[in-house]
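> If it helps, the file is called coords-v2.cif and holds mmCIF, C-alpha atoms:
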```cif
data_protein
#
loop_
_atom_site.label_atom_id
_atom_site.label_comp_id
_atom_site.auth_asym_id
_atom_site.auth_seq_id
_atom_site.Cartn_x
_atom_site.Cartn_y
_atom_site.Cartn_z
CA MET Z 611 -29.94 59.79 32.89
CA VAL Z 612 -27.22 58.95 30.37
CA SER Z 613 -26.22 62.60 30.03
CA ALA Z 614 -26.04 62.98 33.81
CA ALA Z 615 -23.89 59.86 34.09
CA LEU Z 616 -21.59 61.15 31.36
CA PHE Z 617 -20.89 64.57 32.88
CA ILE Z 618 -20.97 63.63 36.57
CA SER Z 619 -18.50 60.78 36.02
CA LEU Z 620 -16.24 63.06 33.96
CA ILE Z 621 -16.17 65.66 36.74
CA LEU Z 622 -15.46 62.97 39.37
CA PHE Z 623 -12.59 61.49 37.34
CA LEU Z 624 -11.06 64.93 36.84
CA ILE Z 625 -11.37 65.69 40.58
CA LEU Z 626 -9.58 62.39 41.26
CA ASN Z 627 -6.75 63.69 39.04
CA VAL Z 628 -7.21 60.97 36.42
CA PRO Z 629 -5.39 61.95 33.17
CA VAL Z 630 -7.75 63.89 30.92
CA GLY Z 631 -7.78 61.39 28.04
CA ILE Z 632 -8.43 58.43 30.36
CA ALA Z 633 -11.08 60.43 32.26
CA ILE Z 634 -12.96 61.15 29.03
CA GLY Z 635 -12.76 57.50 27.98
CA CYS Z 636 -13.92 56.20 31.39
CA SER Z 637 -16.83 58.65 31.52
CA SER Z 638 -17.85 57.52 28.03
CA LEU Z 639 -17.79 53.90 29.26
CA VAL Z 640 -19.98 54.83 32.24
CA ALA Z 641 -22.48 56.47 29.86
CA ILE Z 642 -22.46 53.38 27.61
CA MET Z 643 -23.18 51.14 30.60
CA ALA Z 644 -26.00 53.45 31.70
CA SER Z 645 -27.59 53.53 28.25
CA GLY Z 646 -27.63 49.79 27.67
CA THR Z 647 -27.89 50.39 23.91
CA LEU Z 648 -24.21 50.58 22.91
CA SER Z 649 -21.63 47.79 23.04
CA HIS Z 650 -18.76 48.02 25.52
CA THR Z 651 -16.40 47.60 22.56
CA TYR Z 652 -17.66 50.92 21.12
CA ILE Z 653 -14.82 52.91 22.69
CA VAL Z 654 -12.18 50.51 21.36
CA SER Z 655 -13.55 50.71 17.83
CA THR Z 656 -13.73 54.51 18.11
CA LEU Z 657 -10.11 54.71 19.24
CA VAL Z 658 -9.13 52.89 16.05
CA SER Z 659 -11.46 54.75 13.70
CA ALA Z 660 -10.52 58.17 15.13
CA SER Z 661 -6.85 57.49 14.43
CA ASP Z 662 -7.59 56.17 10.93
CA SER Z 663 -7.86 59.64 9.42
CA PHE Z 664 -5.65 61.34 6.84
CA PRO Z 665 -6.00 64.86 8.37
CA ILE Z 666 -5.21 63.50 11.86
CA MET Z 667 -1.84 62.29 10.56
CA ALA Z 668 -0.77 65.94 10.53
CA ILE Z 669 -0.75 66.06 14.34
CA PRO Z 670 2.08 63.56 15.09
CA LEU Z 671 4.07 64.89 12.14
CA PHE Z 672 3.84 68.52 13.30
CA ILE Z 673 4.75 67.42 16.82
CA LEU Z 674 7.82 65.63 15.44
CA ALA Z 675 8.73 68.64 13.28
CA GLY Z 676 8.53 70.95 16.29
CA GLU Z 677 10.77 68.70 18.40
CA LEU Z 678 13.32 68.38 15.58
CA MET Z 679 13.33 72.15 14.98
CA GLY Z 680 14.02 72.86 18.63
CA ALA Z 681 16.82 70.31 18.91
CA GLY Z 682 18.39 70.99 15.50
CA GLY Z 683 19.47 74.59 16.00
CA VAL Z 684 16.66 76.28 14.08
CA SER Z 685 15.27 78.27 17.01
CA LYS Z 686 18.80 79.44 17.97
CA ARG Z 687 19.39 80.90 14.51
CA LEU Z 688 15.99 82.60 14.47
CA LEU Z 689 16.89 84.24 17.78
CA ASN Z 690 20.18 85.51 16.34
CA VAL Z 691 18.36 87.14 13.43
CA CYS Z 692 15.79 88.81 15.68
CA ASN Z 693 18.47 90.04 18.08
CA ALA Z 694 20.40 91.64 15.22
CA PHE Z 695 17.37 93.71 14.20
CA PHE Z 696 15.45 94.26 17.46
CA GLY Z 697 18.05 93.78 20.19
CA ARG Z 698 18.87 97.49 20.64
CA ILE Z 699 15.23 98.49 21.26
CA THR Z 700 14.09 98.97 24.87
CA GLY Z 701 13.13 95.49 26.07
CA GLY Z 702 14.82 94.18 22.93
CA LEU Z 703 15.49 90.65 24.10
CA GLY Z 704 11.86 90.29 25.24
CA ILE Z 705 10.68 91.56 21.85
CA CYS Z 706 13.01 89.07 20.16
CA THR Z 707 11.45 86.31 22.24
CA VAL Z 708 7.97 87.14 20.95
CA VAL Z 709 9.15 87.38 17.33
CA VAL Z 710 11.02 84.07 17.53
CA CYS Z 711 7.93 82.40 19.00
CA MET Z 712 5.91 83.72 16.06
CA PHE Z 713 8.45 82.27 13.60
CA PHE Z 714 8.64 78.99 15.48
CA ALA Z 715 4.84 78.82 15.53
CA ALA Z 716 4.91 78.73 11.74
CA VAL Z 717 6.66 75.35 11.80
CA SER Z 718 5.68 73.60 15.06
CA GLY Z 719 1.92 74.18 15.55
CA SER Z 720 2.34 73.55 19.28
CA GLY Z 721 2.34 75.94 22.24
CA PRO Z 722 4.31 73.86 24.76
CA ALA Z 723 6.88 72.89 22.09
CA THR Z 724 7.42 76.58 21.31
CA VAL Z 725 7.91 77.42 25.01
CA ALA Z 726 10.39 74.59 25.51
CA ALA Z 727 12.42 75.24 22.36
CA VAL Z 728 12.63 79.04 22.60
CA GLY Z 729 12.61 79.31 26.39
CA SER Z 730 15.66 77.11 26.89
CA MET Z 731 17.70 79.69 24.96
CA VAL Z 732 16.24 83.07 25.89
CA VAL Z 733 15.51 82.60 29.61
CA PRO Z 734 19.17 82.47 30.74
CA SER Z 735 20.06 85.42 28.48
CA MET Z 736 17.16 87.57 29.71
CA LEU Z 737 17.96 86.88 33.36
CA GLU Z 738 21.62 87.70 32.73
CA LYS Z 739 20.62 91.08 31.24
CA GLY Z 740 18.59 92.01 34.33
CA TYR Z 741 15.02 91.07 33.39
CA SER Z 742 13.05 89.83 36.38
CA LYS Z 743 12.32 86.11 36.65
CA LYS Z 744 8.55 86.54 36.84
CA PHE Z 745 8.46 88.76 33.74
CA THR Z 746 10.82 86.54 31.74
CA LEU Z 747 9.01 83.27 32.43
CA ALA Z 748 5.53 84.80 32.04
CA LEU Z 749 6.54 86.35 28.71
CA ILE Z 750 7.84 83.09 27.24
CA ALA Z 751 4.76 81.20 28.49
CA CYS Z 752 2.42 83.73 26.89
CA ALA Z 753 4.41 84.13 23.65
CA GLY Z 754 4.43 80.35 23.31
CA SER Z 755 0.65 80.31 23.13
CA ILE Z 756 0.94 82.02 19.73
CA GLY Z 757 2.16 78.62 18.54
CA VAL Z 758 -1.43 77.40 18.17
CA ILE Z 759 -2.75 80.57 16.51
CA ILE Z 760 -0.27 81.24 13.70
CA PRO Z 761 -0.57 78.37 11.21
CA PRO Z 762 0.13 75.55 10.98
CA SER Z 763 -1.75 74.78 14.19
CA ILE Z 764 -2.58 71.44 15.77
CA PRO Z 765 -5.84 72.72 17.39
CA MET Z 766 -6.94 74.03 13.98
CA VAL Z 767 -6.44 70.55 12.54
CA VAL Z 768 -8.50 69.08 15.40
CA TYR Z 769 -11.26 71.65 14.86
CA GLY Z 770 -11.30 71.02 11.12
CA VAL Z 771 -11.59 67.26 11.61
CA SER Z 772 -14.26 67.61 14.34
CA THR Z 773 -16.49 69.99 12.37
CA SER Z 774 -15.62 69.15 8.74
CA THR Z 775 -14.28 72.69 8.27
CA SER Z 776 -11.54 73.48 5.75
CA ILE Z 777 -8.18 73.16 7.50
CA SER Z 778 -6.51 75.28 4.81
CA GLY Z 779 -9.14 77.96 5.42
CA MET Z 780 -8.47 77.82 9.16
CA PHE Z 781 -4.73 78.17 8.54
CA MET Z 782 -5.26 81.21 6.33
CA ALA Z 783 -7.57 82.80 8.91
CA GLY Z 784 -5.00 82.42 11.70
CA PHE Z 785 -2.36 84.75 10.29
CA VAL Z 786 -3.83 88.16 11.15
CA PRO Z 787 -5.06 87.17 14.66
CA GLY Z 788 -1.64 85.65 15.37
CA PHE Z 789 0.22 88.77 14.25
CA LEU Z 790 -2.26 90.96 16.16
CA ILE Z 791 -1.58 89.09 19.41
CA GLY Z 792 2.16 89.09 18.74
CA GLY Z 793 2.11 92.85 18.14
CA VAL Z 794 0.17 93.50 21.34
CA LEU Z 795 2.60 91.36 23.35
CA ILE Z 796 5.52 93.28 21.84
CA ALA Z 797 3.87 96.57 22.88
CA VAL Z 798 3.32 95.29 26.44
CA CYS Z 799 6.94 94.12 26.58
CA TYR Z 800 8.24 97.48 25.33
CA PHE Z 801 6.27 99.70 27.71
CA TYR Z 802 6.81 97.47 30.75
CA SER Z 803 10.56 97.27 30.02
CA LYS Z 804 10.72 101.03 29.62
CA LYS Z 805 8.98 101.45 32.97
CA GLN Z 806 11.43 99.06 34.63
CA GLY Z 807 14.47 100.62 32.94
CA TRP Z 808 15.49 97.48 31.05
CA LYS Z 809 17.51 98.73 28.11
CA GLY Z 810 18.28 96.92 24.89
CA ASP Z 811 21.55 95.41 23.71
CA GLU Z 812 24.27 98.02 23.32
CA LYS Z 813 25.92 96.23 20.40
CA ARG Z 814 25.25 97.80 17.01
CA TYR Z 815 25.36 95.35 14.10
CA SER Z 816 26.78 96.46 10.78
CA ALA Z 817 25.00 95.68 7.52
CA ARG Z 818 27.61 93.01 6.80
CA GLU Z 819 27.09 91.34 10.19
CA LYS Z 820 23.32 91.35 9.73
CA PHE Z 821 23.71 89.75 6.31
CA GLU Z 822 26.01 87.05 7.73
CA ILE Z 823 23.51 86.26 10.51
CA ILE Z 824 20.63 86.07 8.02
CA TRP Z 825 22.70 83.86 5.73
CA ASP Z 826 23.48 81.50 8.61
CA ALA Z 827 19.75 81.28 9.39
CA LYS Z 828 18.58 81.04 5.77
CA TRP Z 829 17.36 77.45 6.08
CA ALA Z 830 15.35 78.29 9.19
CA LEU Z 831 13.84 81.38 7.54
CA ILE Z 832 12.93 79.49 4.36
CA ASN Z 833 11.10 76.75 6.27
CA PRO Z 834 7.78 78.59 6.86
CA ILE Z 835 7.79 79.74 3.23
CA ILE Z 836 8.14 76.15 2.03
CA ILE Z 837 5.46 74.78 4.35
CA LEU Z 838 2.84 77.50 4.01
CA GLY Z 839 3.65 78.31 0.39
CA GLY Z 840 3.24 74.65 -0.48
CA ILE Z 841 -0.17 74.48 1.19
CA TYR Z 842 -1.61 77.59 -0.43
CA GLY Z 843 0.12 76.97 -3.73
CA GLY Z 844 -1.72 73.68 -4.01
CA ILE Z 845 1.51 71.66 -4.02
CA PHE Z 846 0.56 69.59 -0.97
CA THR Z 847 -2.20 69.26 1.62
CA PRO Z 848 -1.80 70.37 5.27
CA THR Z 849 -1.14 66.74 6.22
CA GLU Z 850 1.51 66.35 3.54
CA ALA Z 851 2.95 69.71 4.66
CA ALA Z 852 3.43 68.24 8.12
CA ALA Z 853 5.45 65.38 6.62
CA VAL Z 854 7.51 67.86 4.60
CA ALA Z 855 8.13 69.92 7.76
CA ALA Z 856 9.34 66.86 9.68
CA VAL Z 857 11.69 65.73 6.88
CA TYR Z 858 12.98 69.28 6.39
CA ALA Z 859 13.63 69.65 10.13
CA PHE Z 860 15.53 66.35 10.13
CA ILE Z 861 17.69 67.41 7.17
CA CYS Z 862 18.44 70.81 8.76
CA GLY Z 863 19.39 69.33 12.13
CA VAL Z 864 21.47 66.38 10.89
CA PHE Z 865 23.04 67.43 7.58
CA ILE Z 866 22.98 71.26 7.40
CA HIS Z 867 23.42 72.57 10.95
CA LYS Z 868 24.95 69.25 12.12
CA GLU Z 869 23.70 69.77 15.68
CA MET Z 870 21.75 66.49 15.85
CA ASN Z 871 23.84 63.49 16.87
CA PRO Z 872 22.32 59.97 17.10
CA GLY Z 873 21.73 60.23 20.86
CA LYS Z 874 20.04 63.61 20.61
CA LEU Z 875 17.95 62.41 17.67
CA PHE Z 876 16.82 59.35 19.64
CA ASN Z 877 15.74 61.50 22.61
CA THR Z 878 13.97 63.96 20.31
CA ILE Z 879 11.97 61.21 18.58
CA GLY Z 880 11.18 59.72 21.99
CA ASN Z 881 9.77 63.03 23.22
CA ALA Z 882 7.68 63.35 20.05
CA CYS Z 883 6.35 59.79 20.45
CA SER Z 884 5.42 60.41 24.07
CA THR Z 885 3.51 63.57 23.21
CA THR Z 886 1.86 61.93 20.19
CA GLY Z 887 0.75 58.89 22.20
CA THR Z 888 -0.92 61.07 24.82
CA THR Z 889 -2.57 63.23 22.16
CA MET Z 890 -3.92 60.31 20.13
CA VAL Z 891 -5.46 58.66 23.20
CA ILE Z 892 -7.19 61.95 23.99
CA ILE Z 893 -8.46 62.28 20.41
CA GLY Z 894 -9.79 58.71 20.35
CA CYS Z 895 -11.57 58.95 23.70
CA ALA Z 896 -12.87 62.45 22.91
CA THR Z 897 -14.32 61.14 19.62
CA ALA Z 898 -16.31 58.50 21.52
CA PHE Z 899 -17.39 61.14 24.03
CA THR Z 900 -18.55 63.44 21.23
CA LYS Z 901 -20.54 60.70 19.49
CA ILE Z 902 -22.33 59.88 22.74
CA LEU Z 903 -23.14 63.57 23.12
CA THR Z 904 -24.63 63.56 19.63
CA ILE Z 905 -26.67 60.41 20.26
CA GLN Z 906 -28.11 61.98 23.42
CA GLN Z 907 -28.84 65.22 21.46
CA ILE Z 908 -26.86 67.25 24.01
CA PRO Z 909 -25.56 69.72 21.38
CA THR Z 910 -29.16 70.59 20.50
CA MET Z 911 -30.09 70.97 24.17
CA VAL Z 912 -27.11 73.26 24.87
CA THR Z 913 -27.84 75.32 21.76
CA ASN Z 914 -31.47 75.83 22.78
CA MET Z 915 -30.46 76.66 26.36
CA ILE Z 916 -27.91 79.32 25.37
CA LEU Z 917 -30.18 80.80 22.72
CA GLY Z 918 -32.93 80.90 25.34
CA MET Z 919 -30.80 83.24 27.48
CA SER Z 920 -30.66 85.92 24.80
CA ASP Z 921 -31.24 86.47 21.12
CA ASN Z 922 -28.46 89.06 20.94
CA LYS Z 923 -25.46 87.79 18.97
CA PHE Z 924 -22.98 89.87 20.97
CA VAL Z 925 -24.28 88.57 24.31
CA ILE Z 926 -24.23 84.95 23.08
CA LEU Z 927 -20.63 85.29 21.85
CA LEU Z 928 -19.63 86.81 25.18
CA LEU Z 929 -21.21 83.85 27.03
CA ILE Z 930 -19.41 81.40 24.74
CA ASN Z 931 -16.10 83.17 25.34
CA ILE Z 932 -16.62 83.02 29.12
CA LEU Z 933 -17.45 79.31 28.87
CA LEU Z 934 -14.37 78.56 26.77
CA LEU Z 935 -12.08 80.58 29.06
CA ILE Z 936 -13.36 78.62 32.07
CA VAL Z 937 -12.98 75.29 30.26
CA GLY Z 938 -9.46 76.29 29.21
CA CYS Z 939 -8.50 76.59 32.87
CA PHE Z 940 -9.28 72.93 33.51
CA MET Z 941 -9.02 71.05 30.19
CA ASP Z 942 -6.28 70.70 27.61
CA THR Z 943 -6.81 72.18 24.15
CA THR Z 944 -7.29 68.97 22.16
CA PRO Z 945 -10.05 67.35 24.27
CA ALA Z 946 -11.75 70.71 24.77
CA MET Z 947 -11.80 71.28 21.02
CA MET Z 948 -13.01 67.74 20.30
CA VAL Z 949 -15.81 67.91 22.86
CA LEU Z 950 -17.01 71.50 22.57
CA SER Z 951 -16.71 72.36 18.87
CA PRO Z 952 -19.61 70.10 17.77
CA ILE Z 953 -21.71 71.53 20.64
CA LEU Z 954 -21.02 75.22 20.12
CA LEU Z 955 -20.69 75.46 16.34
CA PRO Z 956 -24.47 75.08 15.72
CA ILE Z 957 -25.00 78.16 17.90
CA ALA Z 958 -22.59 80.17 15.78
CA LEU Z 959 -24.19 78.90 12.58
CA SER Z 960 -27.62 80.01 13.83
CA PHE Z 961 -26.25 83.58 13.69
CA ASN Z 962 -24.86 83.01 10.18
CA MET Z 963 -21.27 83.11 11.45
CA SER Z 964 -18.57 81.54 9.33
CA PRO Z 965 -17.39 78.23 10.85
CA ILE Z 966 -13.85 79.41 10.12
CA HIS Z 967 -14.29 82.62 12.13
CA PHE Z 968 -15.84 80.68 14.99
CA GLY Z 969 -12.98 78.18 14.85
CA ILE Z 970 -10.46 81.00 15.27
CA ILE Z 971 -12.44 82.29 18.27
CA MET Z 972 -12.24 78.83 19.85
CA VAL Z 973 -8.52 78.49 19.13
CA VAL Z 974 -7.72 81.90 20.67
CA ASN Z 975 -9.83 81.15 23.75
CA LEU Z 976 -8.12 77.83 24.30
CA ALA Z 977 -4.70 79.39 23.59
CA ILE Z 978 -5.36 81.66 26.57
CA GLY Z 979 -6.04 78.44 28.48
CA PHE Z 980 -2.35 77.60 28.01
CA ILE Z 981 -1.50 80.41 30.46
CA THR Z 982 -4.40 80.26 32.94
CA PRO Z 983 -4.09 78.16 36.12
CA PRO Z 984 -4.69 75.53 37.33
CA LEU Z 985 -3.96 73.59 34.11
CA GLY Z 986 -1.99 76.19 32.10
CA ILE Z 987 0.47 73.78 30.48
CA ASN Z 988 2.68 76.61 29.18
CA LEU Z 989 3.09 77.85 32.75
CA PHE Z 990 4.42 74.46 33.84
CA VAL Z 991 6.76 74.20 30.85
CA ALA Z 992 8.10 77.73 31.47
CA ALA Z 993 8.61 76.96 35.16
CA ARG Z 994 10.51 73.80 34.24
CA VAL Z 995 12.66 75.64 31.69
CA GLY Z 996 13.45 78.41 34.19
CA LYS Z 997 13.89 75.96 37.10
CA GLU Z 998 11.55 78.10 39.20
CA PRO Z 999 8.36 77.29 41.15
CA LEU Z 1000 5.06 77.75 39.35
CA GLU Z 1001 4.20 80.71 41.59
CA THR Z 1002 7.04 82.72 40.01
CA VAL Z 1003 5.47 82.36 36.55
CA THR Z 1004 1.89 83.03 37.64
CA SER Z 1005 2.88 86.19 39.54
CA GLY Z 1006 3.87 87.86 36.27
CA ILE Z 1007 1.21 86.53 33.93
CA VAL Z 1008 -1.73 88.83 34.72
CA MET Z 1009 -0.85 91.73 32.39
CA PHE Z 1010 -0.26 89.34 29.51
CA ILE Z 1011 -3.60 87.62 30.07
CA LEU Z 1012 -5.35 91.01 30.05
CA ALA Z 1013 -3.61 91.90 26.78
CA MET Z 1014 -4.73 88.63 25.18
CA LEU Z 1015 -8.30 89.13 26.41
CA VAL Z 1016 -8.39 92.48 24.62
CA CYS Z 1017 -7.21 90.73 21.44
CA LEU Z 1018 -9.86 88.03 21.94
CA LEU Z 1019 -12.65 90.60 22.08
CA LEU Z 1020 -11.36 92.28 18.91
CA ILE Z 1021 -11.14 88.94 17.09
CA THR Z 1022 -14.60 87.94 18.30
CA TYR Z 1023 -16.49 91.08 17.34
CA ILE Z 1024 -14.54 92.13 14.23
CA PRO Z 1025 -14.85 89.15 11.85
CA GLN Z 1026 -12.67 90.84 9.23
CA ILE Z 1027 -9.59 90.25 11.41
CA SER Z 1028 -9.98 86.51 10.83
CA MET Z 1029 -11.80 86.44 7.51
CA ALA Z 1030 -9.96 89.10 5.48
CA LEU Z 1031 -7.29 86.77 4.06
CA PRO Z 1032 -9.60 83.77 3.46
CA SER Z 1033 -12.10 86.07 1.72
CA ILE Z 1034 -9.51 87.72 -0.53
CA LEU Z 1035 -7.35 84.72 -1.36
CA MET Z 1036 -9.71 81.74 -1.03
CA GLY Z 1037 -13.16 83.20 -1.70
CA TYR Z 1038 -14.72 82.42 1.71
#
```
Will you turn the file into structure tokens for me?


Amino acid sequence: MVSAALFISLILFLILNVPVGIAIGCSSLVAIMASGTLSHTYIVSTLVSASDSFPIMAIPLFILAGELMGAGGVSKRLLNVCNAFFGRITGGLGICTVVVCMFFAAVSGSGPATVAAVGSMVVPSMLEKGYSKKFTLALIACAGSIGVIIPPSIPMVVYGVSTSTSISGMFMAGFVPGFLIGGVLIAVCYFYSKKQGWKGDEKRYSAREKFEIIWDAKWALINPIIILGGIYGGIFTPTEAAAVAAVYAFICGVFIHKEMNPGKLFNTIGNACSTTGTTMVIIGCATAFTKILTIQQIPTMVTNMILGMSDNKFVILLLINILLLIVGCFMDTTPAMMVLSPILLPIALSFNMSPIHFGIIMVVNLAIGFITPPLGINLFVAARVGKEPLETVTSGIVMFILAMLVCLLLITYIPQISMALPSILMGY
């Protein structure tokens, strides 16, 4: 009865278009009232206890770092570097967009932040050079999803906290899948541009010009080395790395690039606070939701049900992927990760899968959710950046989704793609 009340009320709240975090919290309250065993103050105490976590502190700090990087001129300089080296290739500006998103991912940890920061610069330039609107906006929406796969990654932090999995191990495991997806997107961009006749930039940069562009972007290029090198060198934890990233972004924007005036800084911090507030409410309510699931032994029931369908590991992983892809269409990454990871991880462990490999599978699935309607937050951000209706973005997204699905299958069924670096460098 309690389980039915929990899920039915959640579905009803979502149908009524209640914000996801509030819907999860209200459905948890309905379940508490139905059970009669938990206090009504349980959700309030969980909101506080869920926020009182050292690893969780990384989330608002990475959000702030991403906002400061976008507003402080970092993404613009990364684009200049990529254009100098890749601009003359067929579809060069599109390829540059993917590469810049991969660089930006290594400092922001957020998909929507990557789309907003990079898209505001490249979309006008791509349209001016003759790229179609649907291709341009779909490309930036899809490339932005790499922001949660290449470390540092906010969903990886959430997964690590939810399942007590090493966040550093998750970060290390995300590199190869992130570069794989980035490489596939570059290939799609190249062949589609060649088919459409979209040529690269005609300007040829001399060695001196390339050096000057790299020198101008040196602080942006050093940033990922500082953050990731500090984590894996044992200098600071992922949470401390997030604080370093935020401070470094502030210094770059205000004192080095000098593109951050007081008004712009105020707006940037306001945007970060707004995003953080929404995220923390979701995390708190999702924590209460997850604990109720555990009390009602729903994870065990789901595990037994899925394992009862088949004892074949490949079939089970395919079913889990389908489930996660469907959930990603309707639920944001953070609540989906908070709710589903404790439910699905026991299934993976029953097949002796590494929790790190399974975490990467979940992250990639939910990253695809960034570009699948009706939720598809990256689609909305790209549409807003391009000042076009959502239909323009969705009309060009299909080939990119298919490319990412191919990558998902490779990552799912070839564990070495995720586990090679953690095994070699960290002994997992």

> Run through the PyMOL selection byres ((chain Z and resi 1032-1037) around 8) on the given coordinates and return the selected residues as an MDAnalysis selection string.

chainID Z and resid 779 782:783 1028:1031 1038

> Please determine, counting only C-alpha atoms, which residue among Z:Phe924, Z:Asn975, Z:Pro965, Z:Ala958 has the shortest atom-to-atom distance to Z:Ile936.

Z:Asn975

> Which polymer residues have any atom within 8 Å of an atom of stretch 732-742 of chain Z, counting all atoms listed in the file, with same-chain residues fewer than 5 positions away left out, as a list in words?

Leu703, Gly704, Thr707, Leu747, Trp808, Val995 and Gly996 of chain Z

> What's the 10 Å shell around stretch 655-657 of chain Z, counting all atoms listed in the file, without same-chain residues fewer than 4 positions away, as a list of chain:residue names?

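Skipping anything fewer than 4 positions along the chain leaves Z:Gly635, Z:His650, Z:Thr651, Z:Ser661, Z:Asp662, Z:Met890, Z:Val891, Z:Ile892, Z:Ile893, Z:Gly894, Z:Cys895, Z:Ala896, Z:Thr897, Z:Ala898, Z:Phe899, Z:Lys901.
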
> Write the residues of the selection above to a file with C-alpha atoms, as a compact mmCIF listing (two decimals), in the frame of the given file.


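Result went into out.txt, see below:
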```txt
# COMPACT_ATOMS: atom_id res chain seq x y z
CA GLY Z 635 -12.76 57.50 27.98
CA HIS Z 650 -18.76 48.02 25.52
CA THR Z 651 -16.40 47.60 22.56
CA SER Z 661 -6.85 57.49 14.43
CA ASP Z 662 -7.59 56.17 10.93
CA MET Z 890 -3.92 60.31 20.13
CA VAL Z 891 -5.46 58.66 23.20
CA ILE Z 892 -7.19 61.95 23.99
CA ILE Z 893 -8.46 62.28 20.41
CA GLY Z 894 -9.79 58.71 20.35
CA CYS Z 895 -11.57 58.95 23.70
CA ALA Z 896 -12.87 62.45 22.91
CA THR Z 897 -14.32 61.14 19.62
CA ALA Z 898 -16.31 58.50 21.52
CA PHE Z 899 -17.39 61.14 24.03
CA LYS Z 901 -20.54 60.70 19.49
```

> One number please: atom CA of Z:Val798 to atom CA of Z:Ser685, in Å, one decimal.

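These atoms are spaced 22.8 Å apart.
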
> For the atom pair atom CA of Z:Ala851 and atom CA of Z:Ala681, what is the interatomic distance in Å to one decimal place?

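Separating atom CA of Z:Ala851 from atom CA of Z:Ala681 is a distance of 19.9 Å.
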
> Using all atoms listed in the file, determine which residues lie at most 10 Å from Z:Arg814, disregarding the query and same-chain residues fewer than 3 positions distant; provide the list as a list in words.

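In the requested form, the answer reads Ala694, Phe695, Gly697, Arg698, Asp811, Ala817, Glu819 and Lys820 of chain Z.
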
> Hey, can you check how far atom CA of Z:Leu976 sits from atom CA of Z:Ser920?

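Interatomic distance, atom CA of Z:Leu976 to atom CA of Z:Ser920: 24.0 Å.
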
> Have a look at Z:Phe990, Z:Phe846, Z:Tyr802, Z:Phe980 and name the one nearest to Z:Thr943; count only C-alpha atoms.

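Nearest to Z:Thr943: Z:Phe980.
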